[in-house]
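> Below you will find the structure I want to go over with you.
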Amino acid sequence: MSDSRATLHAVLAGLGQAVPSHLPWPRHVLDRASWRQLIDALGHRRWPLLGLWADGSTVHAALEDHSAAAFAVASLDTEDGTYPSLAAARPAALRLERAVRDLAGLNAVGTPDDRPWLDHGQWRLAAPLAADARPATPRPATDYRFLPVEGEGLHQVPVGPVHAGIIEPGHFRFHANGETIVRLEARLGYTHKGTEALMRGKPPAEAVRLAGRISGDSTVAHALAFSRAVEAAAGIEAPARAHWVRATMAEWERIANHLGDIGGICNDAAFPYLQAQCTVLREKVLQACAKAFGHRLMMDAVVPGGVAVDLAPEQAAAFAGLAADLLPPFEALCRVYETKGSLLDRTVATGITPRAEIERFWPPGPIGRAAGAGRDARLAPGYPPYDELNFAAPRLTAGDVDARVRLRMEEVRHSVRLIQRMLVAMPDGPTRAEVPPVAGEGLALVEAFRGEILGWARLAPDGTVARYHARDASWLQWPLLETAVYDNIVADFPLCNKSFNCSYSGHDL
Amino acid sequence: MLKQITRALLSRPVTIDGPAAGDAALKELAGKVDALAQKRLGRSLAIRAIDAGSCNGCELEIHALNNPIYDLERFGIRFVASPRHADVLLVTGPVSLNMQEALLRTIAATPAPRFVVAAGDCACTGGLFAGSYACAGALESIVPVDLRIAGCPPTPLQLLEGLLALLAASAGKMPARP
Ligand code: SF4
């Protein structure tokens with residue numbers, strides 16, 4: 001235990017037994033004392049927390065060991081409904097623990113923040129995921145303590161949940177000194193739909209439709225995370241061709257969303273021309289996807305065991321044509337961005353993610369990679385077919401709005417090239433395997449356009465979903481937005497927010 | 001940039017022809033719009049979009065209405081920031097209970113005559129989220145709904161057909177409510 005070079009797997013093996021039915025990474029069952037030892041170990045390790053969720057009375061924490069490229073889950077059966085909080089060692093645990101309390105009724109002892117998070121006092125059930133979920137006693141939604149602020153000349157700007165544009169609902173509480181933001185505190189949960197509860201008891205082929213609606217913009221990635229978790233739990237592998245078709249869908253999804261984000265950021269920097277052009281390119285992608293897979297956003301196309309629709313040869317040809325046609329106009333738009341002083345004046349050095357905070361939250365996806373951190377799940381841990389495609393994830397270091405724009409631009413180029421290579425290398429064969437009705441537990445890490453999704457499935461003996469948990473990348477990015485806008489002007493908040501583009505629905509579930 | 005502008009000026013517009021007003025939508029609206037609404041509205045419509053717990057899929061397609069291909073504004077239909085300026089409330093999502101109060105307050109802040117449109121399967125019926133402990137379900141279970149646009153999400157064309165039917169109905173192109 002005292003050896004600070006011991007790997008995550010070695011440390012966890014010393015703390016508790018591994019569960020044999022958990023795939024593909026180990027899950028160790030800890031007791032209260034060893035859970036505390038784990039918290040101590042986290043104090044002098046850099047292992048990022050990937051997720052924290054509850055299943056019945058058990059709390060699970062997923063961890064990553066950078067240096068060994070290892071992943072593992074630590075579990076504690078709370079027995080009395082309490083567990084020692086991880087929040088002091090891993091600030092990313094804070095909101096996750098609040099969500100666990102709201103949804104499963106398990107309390108993190110020693111948490112610095114015991115306010116409810118997703119539960120605004122409006123649901124019909126209290127602790128809806130607990131075995132003994134009871135009818136809730138309603139409480140006013142306004143009954144919420146925002147963090148106090150003290151100082152001369154400060155004023156409050158409350159914004160939302162209904163916003164001026166066509167965006168998702170959330171509440172932002174600004175404290176400003178003149179124009180300058182001294183604190184932003186977000187309140188989320190407005191779009192909570194009880195998705196995880198609705199998935200319970202459903203056969204995977206049905207539950208995947210709900211997974212695909214956790215965050216509509218990432219429908220392919222969320223359906224893929226669910227499907228891969230279920231496949232791991234059932235001990236099967238999708239057929240080879242299915243992997244390639246799935247990845248083709250996932251890369252188009254990434255391109256379409258990045259085009260939307262690049263345009264949206266420029267629009268928020270008062271440069272609508274680029275948005276208009278980006279939306280035209282995005283529309284071409286969506287129309288091609290609709291032709292190939294029967295749905296513009298490709299909802300319900302990824303299913304456990306493979307894909308619902310194969311890629312027909314003429315559609316593959318159409319994709320090749322689109323990939324070739326997309327880059328020249330896209331590069332022209334990138335050049336406009338890179339040479340417009342008025343635009344760069346808004347984006348450069350705006351909304352910088354502080355280095356110290358990056359190391360506290362390890363934000364996944366473009367937010368992390370634009371600030372010199374952040375893994376790409378396609379590369380590590382990696383999954384097919386990416387393990388056969390030699391490529392590198394782009395990285396920048398500035399961590400400002402500009403870096404987040406440029407990183408997305410680079411990722412669009414990468415994804416187009418990946419698609420071109422996949423269309424050539426895609427093997428023939430079946431595209432869907434049977435998922436046997438067996439019990440098991442599976443963990444999946446999938447790279448959405450916004451960053452890594454963690455999906456965890458436990459299947460009941462009849463093969464139905466006993467519990468599925470999805471941790472969207474947004475969970476680890478929202479807290480960073482609050483620090484990135486510090487010392488910026490209130491008027492730049494929309495720009496910063498758009499450059500993060502966290503999912504509300506993906507977070508609220 | 002100059003090159004871009006020259007190219008844009010010389011090329012044909014990417015905008016497609018608008019669809020006809022949707023038949024189903026016209027039927028649903030027949031006899032629903034009163035004479036006052038026809039007098040006050042009709043030449044244009046201002047929409048306030050409200051996300052009542054959507055998965056954000058519907059929002060993506062509503063956004064697409066503004067792209068140069070569908071170009072909603074050429075029909076005199078536009079999105080506005082305040083409910084005080086709106087004629088139409090375009091509501092998405094299965095009415096998450098956490099959003100219900102904000103939704104009702106936004107509707108109350110919209111002056112009459114106004115139309116309430118349920119966009120997407122979630123708002124129409126509760127969709128896959130019907131029966132959840134956290135959702136009210138179909139929008140019409142909490143407020144009267146003038147028009148439903150089905151789809152998960154409805155495509156921009158389906159949204160456009162519905163909104164054009166609303167424009168036609170409010171322009172007096174169909175009988176008023178008796
Ligand atoms: S109708 Fe479909 S796309 Fe729209 S909010 Fe509901 S699940 Fe999402």
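Identifiers for the structure tokens are assigned positionally: chains receive A, B, ... in sequence, residues are indexed from 1 per chain, and ligands are indexed from 1 in the order shown.
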From a DSSP calculation on the backbone, collect every residue of region 144-357 of chain A in alpha helix (DSSP H) and output the set as a PyMOL selection string.

chain A and resi 195-199+204-211+219-234+240-268+272-293+313-339+341-347+355-357

> Those residues with C-alpha atoms, as a short mmCIF file (atom, residue, chain, number, x, y, z; two decimals), in the first residue's frame please?


data_model
loop_
_atom_site.label_atom_id
_atom_site.label_comp_id
_atom_site.auth_asym_id
_atom_site.auth_seq_id
_atom_site.Cartn_x
_atom_site.Cartn_y
_atom_site.Cartn_z
CA THR A 195 -33.95 7.36 -18.05
CA GLU A 196 -31.95 4.87 -15.99
CA ALA A 197 -35.06 3.74 -14.10
CA LEU A 198 -36.96 3.30 -17.36
CA MET A 199 -34.22 1.06 -18.72
CA PRO A 204 -31.19 -4.79 -24.17
CA ALA A 205 -32.64 -4.47 -27.69
CA GLU A 206 -35.37 -2.24 -26.24
CA ALA A 207 -33.33 -0.40 -23.62
CA VAL A 208 -30.84 0.73 -26.28
CA ARG A 209 -33.50 3.08 -27.68
CA LEU A 210 -33.49 4.91 -24.36
CA ALA A 211 -29.68 4.90 -24.28
CA THR A 219 -27.15 9.13 -29.98
CA VAL A 220 -24.64 6.91 -31.81
CA ALA A 221 -22.03 7.18 -29.07
CA HIS A 222 -24.47 6.55 -26.23
CA ALA A 223 -26.07 3.61 -28.04
CA LEU A 224 -22.55 2.31 -28.65
CA ALA A 225 -21.52 2.69 -25.00
CA PHE A 226 -24.65 0.82 -23.95
CA SER A 227 -24.19 -1.89 -26.57
CA ARG A 228 -20.53 -2.42 -25.75
CA ALA A 229 -21.29 -2.62 -22.02
CA VAL A 230 -24.04 -5.17 -22.69
CA GLU A 231 -21.82 -7.16 -25.05
CA ALA A 232 -19.08 -7.24 -22.41
CA ALA A 233 -21.58 -8.36 -19.78
CA ALA A 234 -22.96 -11.09 -22.05
CA ALA A 240 -16.06 -7.46 -37.38
CA ARG A 241 -18.02 -5.55 -40.01
CA ALA A 242 -20.37 -4.16 -37.36
CA HIS A 243 -17.41 -2.44 -35.67
CA TRP A 244 -16.51 -0.65 -38.88
CA VAL A 245 -20.06 0.41 -39.66
CA ARG A 246 -20.47 1.65 -36.07
CA ALA A 247 -17.25 3.66 -36.30
CA THR A 248 -18.34 5.17 -39.61
CA MET A 249 -21.53 6.34 -37.94
CA ALA A 250 -19.62 7.62 -34.90
CA GLU A 251 -17.21 9.66 -37.04
CA TRP A 252 -20.03 11.25 -39.05
CA GLU A 253 -21.69 12.09 -35.75
CA ARG A 254 -18.45 13.72 -34.56
CA ILE A 255 -18.11 15.70 -37.79
CA ALA A 256 -21.74 16.88 -37.76
CA ASN A 257 -21.52 18.03 -34.15
CA HIS A 258 -18.14 19.70 -34.49
CA LEU A 259 -19.43 21.59 -37.55
CA GLY A 260 -22.39 22.72 -35.47
CA ASP A 261 -20.14 23.77 -32.59
CA ILE A 262 -17.56 25.60 -34.70
CA GLY A 263 -20.35 27.53 -36.41
CA GLY A 264 -22.14 28.15 -33.12
CA ILE A 265 -19.05 29.51 -31.40
CA CYS A 266 -18.36 31.87 -34.31
CA ASN A 267 -21.97 32.99 -34.21
CA ASP A 268 -21.69 33.77 -30.51
CA PRO A 272 -22.77 34.48 -38.32
CA TYR A 273 -21.30 33.95 -41.78
CA LEU A 274 -19.25 30.99 -40.60
CA GLN A 275 -22.23 29.51 -38.82
CA ALA A 276 -24.34 29.69 -41.98
CA GLN A 277 -21.60 27.94 -43.94
CA CYS A 278 -20.99 25.31 -41.28
CA THR A 279 -24.70 24.50 -41.03
CA VAL A 280 -24.80 23.91 -44.79
CA LEU A 281 -21.96 21.38 -44.49
CA ARG A 282 -23.63 19.82 -41.44
CA GLU A 283 -26.89 19.47 -43.34
CA LYS A 284 -25.09 17.59 -46.14
CA VAL A 285 -23.74 15.13 -43.59
CA LEU A 286 -27.13 14.57 -41.98
CA GLN A 287 -28.83 14.05 -45.33
CA ALA A 288 -26.21 11.48 -46.33
CA CYS A 289 -26.62 9.69 -42.98
CA ALA A 290 -30.40 9.64 -43.44
CA LYS A 291 -29.96 8.01 -46.85
CA ALA A 292 -27.50 5.44 -45.54
CA PHE A 293 -29.05 4.57 -42.18
CA PRO A 313 -22.30 -0.38 -51.30
CA GLU A 314 -23.93 2.59 -53.05
CA GLN A 315 -24.17 4.44 -49.71
CA ALA A 316 -20.52 3.70 -49.01
CA ALA A 317 -19.74 5.25 -52.39
CA ALA A 318 -21.89 8.27 -51.51
CA PHE A 319 -19.98 8.63 -48.22
CA ALA A 320 -16.67 8.52 -50.07
CA GLY A 321 -17.90 11.27 -52.36
CA LEU A 322 -19.12 13.38 -49.46
CA ALA A 323 -15.86 12.96 -47.54
CA ALA A 324 -13.91 14.19 -50.56
CA ASP A 325 -16.30 17.11 -51.17
CA LEU A 326 -16.40 18.23 -47.57
CA LEU A 327 -12.79 19.13 -46.93
CA PRO A 328 -12.10 21.87 -49.52
CA PRO A 329 -14.98 24.14 -48.44
CA PHE A 330 -14.26 23.30 -44.81
CA GLU A 331 -10.60 24.32 -45.17
CA ALA A 332 -11.72 27.59 -46.74
CA LEU A 333 -13.89 28.26 -43.68
CA CYS A 334 -11.03 27.42 -41.35
CA ARG A 335 -8.86 29.94 -43.18
CA VAL A 336 -11.52 32.62 -42.71
CA TYR A 337 -11.54 31.86 -38.99
CA GLU A 338 -7.77 31.92 -38.73
CA THR A 339 -7.40 35.24 -40.51
CA GLY A 341 -8.80 39.52 -36.38
CA SER A 342 -12.20 40.60 -35.07
CA LEU A 343 -13.14 36.97 -34.46
CA LEU A 344 -9.83 35.95 -32.90
CA ASP A 345 -10.05 38.98 -30.67
CA ARG A 346 -13.10 37.37 -29.07
CA THR A 347 -11.82 33.80 -28.87
CA ARG A 355 -4.25 24.10 -15.34
CA ALA A 356 -4.82 23.24 -11.67
CA GLU A 357 -8.50 22.56 -12.32
#

> List as an mmCIF file with C-alpha atoms, in the first residue's frame the protein and nucleic acid residues near Gly216 (chain A), meaning an atom at most 6 Å away when only C-alpha atoms are counted, but skip any in the same chain fewer than 5 places from it.


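So the final result, stored in around.cif, reads:
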data_model
loop_
_atom_site.group_PDB
_atom_site.id
_atom_site.type_symbol
_atom_site.label_atom_id
_atom_site.label_comp_id
_atom_site.auth_asym_id
_atom_site.auth_seq_id
_atom_site.Cartn_x
_atom_site.Cartn_y
_atom_site.Cartn_z
ATOM 1 C CA CYS B 55 -32.939 14.787 -25.219
ATOM 2 C CA ASN B 56 -31.735 17.728 -27.394
ATOM 3 C CA GLY B 57 -32.407 15.780 -30.619
#

> Please determine the contact residues of chain B with respect to chain A at a cut-off of 9 Å, counting only C-alpha atoms, and supply them as a ChimeraX atom specification.

/B:1,4,14,48-60,62-64,66-69,79-82,93-103,106,128-129,131-135,152-153,155

> Hey, which of A:Pro48, A:Gly374, A:Pro366, A:Pro140 ends up closest to Val405 (chain A)? Count only C-alpha atoms.

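Using only C-alpha atoms, the shortest distance to Val405 (chain A) belongs to A:Pro366.
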
> Which is closer to Ala377 (chain A) than all the others in A:Gly451, A:Pro437, A:Gly16, A:Gly51, using only C-alpha atoms?

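Ranking A:Gly451, A:Pro437, A:Gly16, A:Gly51 by distance to Ala377 (chain A), first place goes to A:Gly451.
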
> Identify all residues of region 135-175 of chain B in strand (DSSP E or B) (DSSP on the backbone) and supply them as a PyMOL selection string.

chain B and resi 135+147-149

> Can you list, as a list in words, every protein, DNA or RNA residue that comes within 8 Å of Ile453 (chain A) when you count only C-alpha atoms, leaving out same-chain residues fewer than 3 positions away?

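Listed by chain and then number, they are Ala221, His222, Ala225, Ala444, Leu445, Val446, Glu447, Ala448, Ala470, Arg471, Asp472 and Ala473 of chain A.
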
> What does the file look like for those residues with N, CA and C atoms, as a JSON list (two decimals), in the first residue's frame?


[["chain", "number", "residue", "atom", "x", "y", "z"],
["A", 221, "ALA", "N", -23.02, 7.49, -30.10],
["A", 221, "ALA", "CA", -22.03, 7.18, -29.07],
["A", 221, "ALA", "C", -22.68, 6.58, -27.83],
["A", 222, "HIS", "N", -23.83, 7.11, -27.42],
["A", 222, "HIS", "CA", -24.47, 6.55, -26.23],
["A", 222, "HIS", "C", -25.03, 5.15, -26.51],
["A", 225, "ALA", "N", -21.99, 2.95, -26.37],
["A", 225, "ALA", "CA", -21.52, 2.69, -25.00],
["A", 225, "ALA", "C", -22.41, 1.64, -24.35],
["A", 444, "ALA", "N", -17.99, -0.13, -20.43],
["A", 444, "ALA", "CA", -17.53, 0.32, -21.75],
["A", 444, "ALA", "C", -17.08, 1.77, -21.67],
["A", 445, "LEU", "N", -16.04, 2.09, -22.41],
["A", 445, "LEU", "CA", -15.58, 3.47, -22.53],
["A", 445, "LEU", "C", -15.57, 3.81, -24.02],
["A", 446, "VAL", "N", -16.35, 4.82, -24.38],
["A", 446, "VAL", "CA", -16.56, 5.14, -25.79],
["A", 446, "VAL", "C", -16.35, 6.63, -25.99],
["A", 447, "GLU", "N", -15.67, 7.00, -27.05],
["A", 447, "GLU", "CA", -15.39, 8.41, -27.30],
["A", 447, "GLU", "C", -16.50, 9.05, -28.12],
["A", 448, "ALA", "N", -17.32, 9.88, -27.48],
["A", 448, "ALA", "CA", -18.33, 10.66, -28.19],
["A", 448, "ALA", "C", -17.66, 11.93, -28.70],
["A", 470, "ALA", "N", -25.01, 5.53, -17.33],
["A", 470, "ALA", "CA", -24.20, 6.23, -18.33],
["A", 470, "ALA", "C", -23.66, 7.50, -17.70],
["A", 471, "ARG", "N", -22.34, 7.68, -17.77],
["A", 471, "ARG", "CA", -21.74, 8.93, -17.31],
["A", 471, "ARG", "C", -21.26, 9.67, -18.55],
["A", 472, "ASP", "N", -22.06, 10.67, -18.95],
["A", 472, "ASP", "CA", -21.69, 11.48, -20.11],
["A", 472, "ASP", "C", -20.46, 12.31, -19.77],
["A", 473, "ALA", "N", -19.69, 12.65, -20.80],
["A", 473, "ALA", "CA", -18.49, 13.49, -20.59],
["A", 473, "ALA", "C", -18.84, 14.79, -19.86]]

> Considering only C-alpha atoms, return as a PyMOL selection string whatever protein or nucleic-acid residues lie within 9 Å of Leu166 (chain B), sequence-local ones (same chain, fewer than 2 positions apart) excluded.

chain B and resi 21+25-26+29+42+45+115+147+161-164+168-171
